[in-house]
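First up is the structure itself, then whatever we jot down about it.
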Amino acid sequence: GFFLLSNYCSKKWQEIPQKKFLTNIFLIALGLRWAWAIFAYIYYFLKTGMPFEFSAGDSIWYYEETMGNVHANLRDVWKYLFVNTDTISDSGYVFYLSLLSKLTGESILLPRLVNSIFSAATCVLIYFLAKRNIGEEVGRMAAIFACFMPNFIFYCGTHLKEPLMVLLMVAYLERADYLLRSKKYNVLTIAIPVLLAISLFSFRTV
């Protein structure tokens, strides 16, 4: 599917306007990820008795940590994750899930649907990064590859941090590259990549 769809779309979308191309990329990437997230939720539940992947470890830990914070004050959650701890290297995703749970309740599926939006947005950022460095044709191919990348799709069906972590990493690269190439130095253009870079220190895998 990855090779067939990437080959087809690379040819089919080569000449369409940029706005339509990016709309296609985002909506198709989002549709694939939402479809997989919903399917995986049901499939894992039927196979394991809970909506987590086989031999789930980190996913369950993230969920349990989040549920432990769901009724706590956000200030207390921040202290627990970032102040009263030996390390913050795996606190970023738990804080994000805790914040999301404040808005959405104890849903397991909803964070995965939100992560799917992050993953689809990553495809768009990859387009701008590749286009700026190599050219329009390569930018479109890179975005198409990201759209259909099985790994990106798979992680949207889990409770793991990869969709958000990859978005932050790609956003940092794209904004830092923009800053260096445009040379538009102001508070905003400098602050965004710096803050994105700092955020990555709370995602251990990076």
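Residue numbering restarts at 1 for every chain of the structure tokens, chains are lettered A, B, ... in their displayed order, and ligands are numbered from 1 as they appear.
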List as a list in words the protein and nucleic acid residues near A:Pro163, meaning an atom at most 12 Å away when only C-alpha atoms are counted, but skip any in the same chain fewer than 5 places from it.
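In the requested form, the answer reads Arg33, Tyr93, Pro111, Arg112, Leu113, Val114, Asn115, Ser116, Ile117, Phe118, Ser119, Ala120, Ala121, Thr122, Cys123, Ala146, Asn151, Phe152, Ile153, Phe154, Tyr155, Cys156, Gly157, Thr158, Leu168, Met169, Val170 and Phe203 of chain A.
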Need the shell around A:Ala171: protein/DNA/RNA residues with any atom at most 9 Å away, counting only C-alpha atoms. Skip same-chain ones fewer than 4 positions apart. Format as a list of chain:residue names?
A:Thr122, A:Leu125, A:Ile126, A:Val166, A:Leu167, A:Arg175, A:Ala176, A:Pro193, A:Leu196
Point-to-point distance in Å for atom CA of A:Ser59 and atom CA of A:Ala142
29.0 Å
Closest of A:Leu99, A:Met149, A:Ile198, A:Ile16 to A:Asn69 - atom-to-atom distances counting only C-alpha atoms:
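The shortest atom-to-atom distance to A:Asn69 comes from A:Leu99.
Minimum atom-to-atom distance to A:Lys79, evaluated using only C-alpha atoms, belongs to A:Phe95 out of A:Glu65, A:Leu200, A:Glu15, A:Phe95.
For the choices A:Ser91, A:Leu173, A:Leu160, A:Lys19, the atom-to-atom distance to A:Phe52 is smallest for A:Leu160 when using only C-alpha atoms.
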Write out as a PyMOL selection string the residues lying within 9 Å of A:Met67, counting only C-alpha atoms and excluding same-chain residues fewer than 3 positions away.
chain A and resi 62-64+70-71+98+101+106
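Each of A:Leu109, A:Val94, A:Thr23, A:Gly68 was checked against A:Phe45 using only C-alpha atoms; the smallest atom-to-atom distance is that of A:Leu109.
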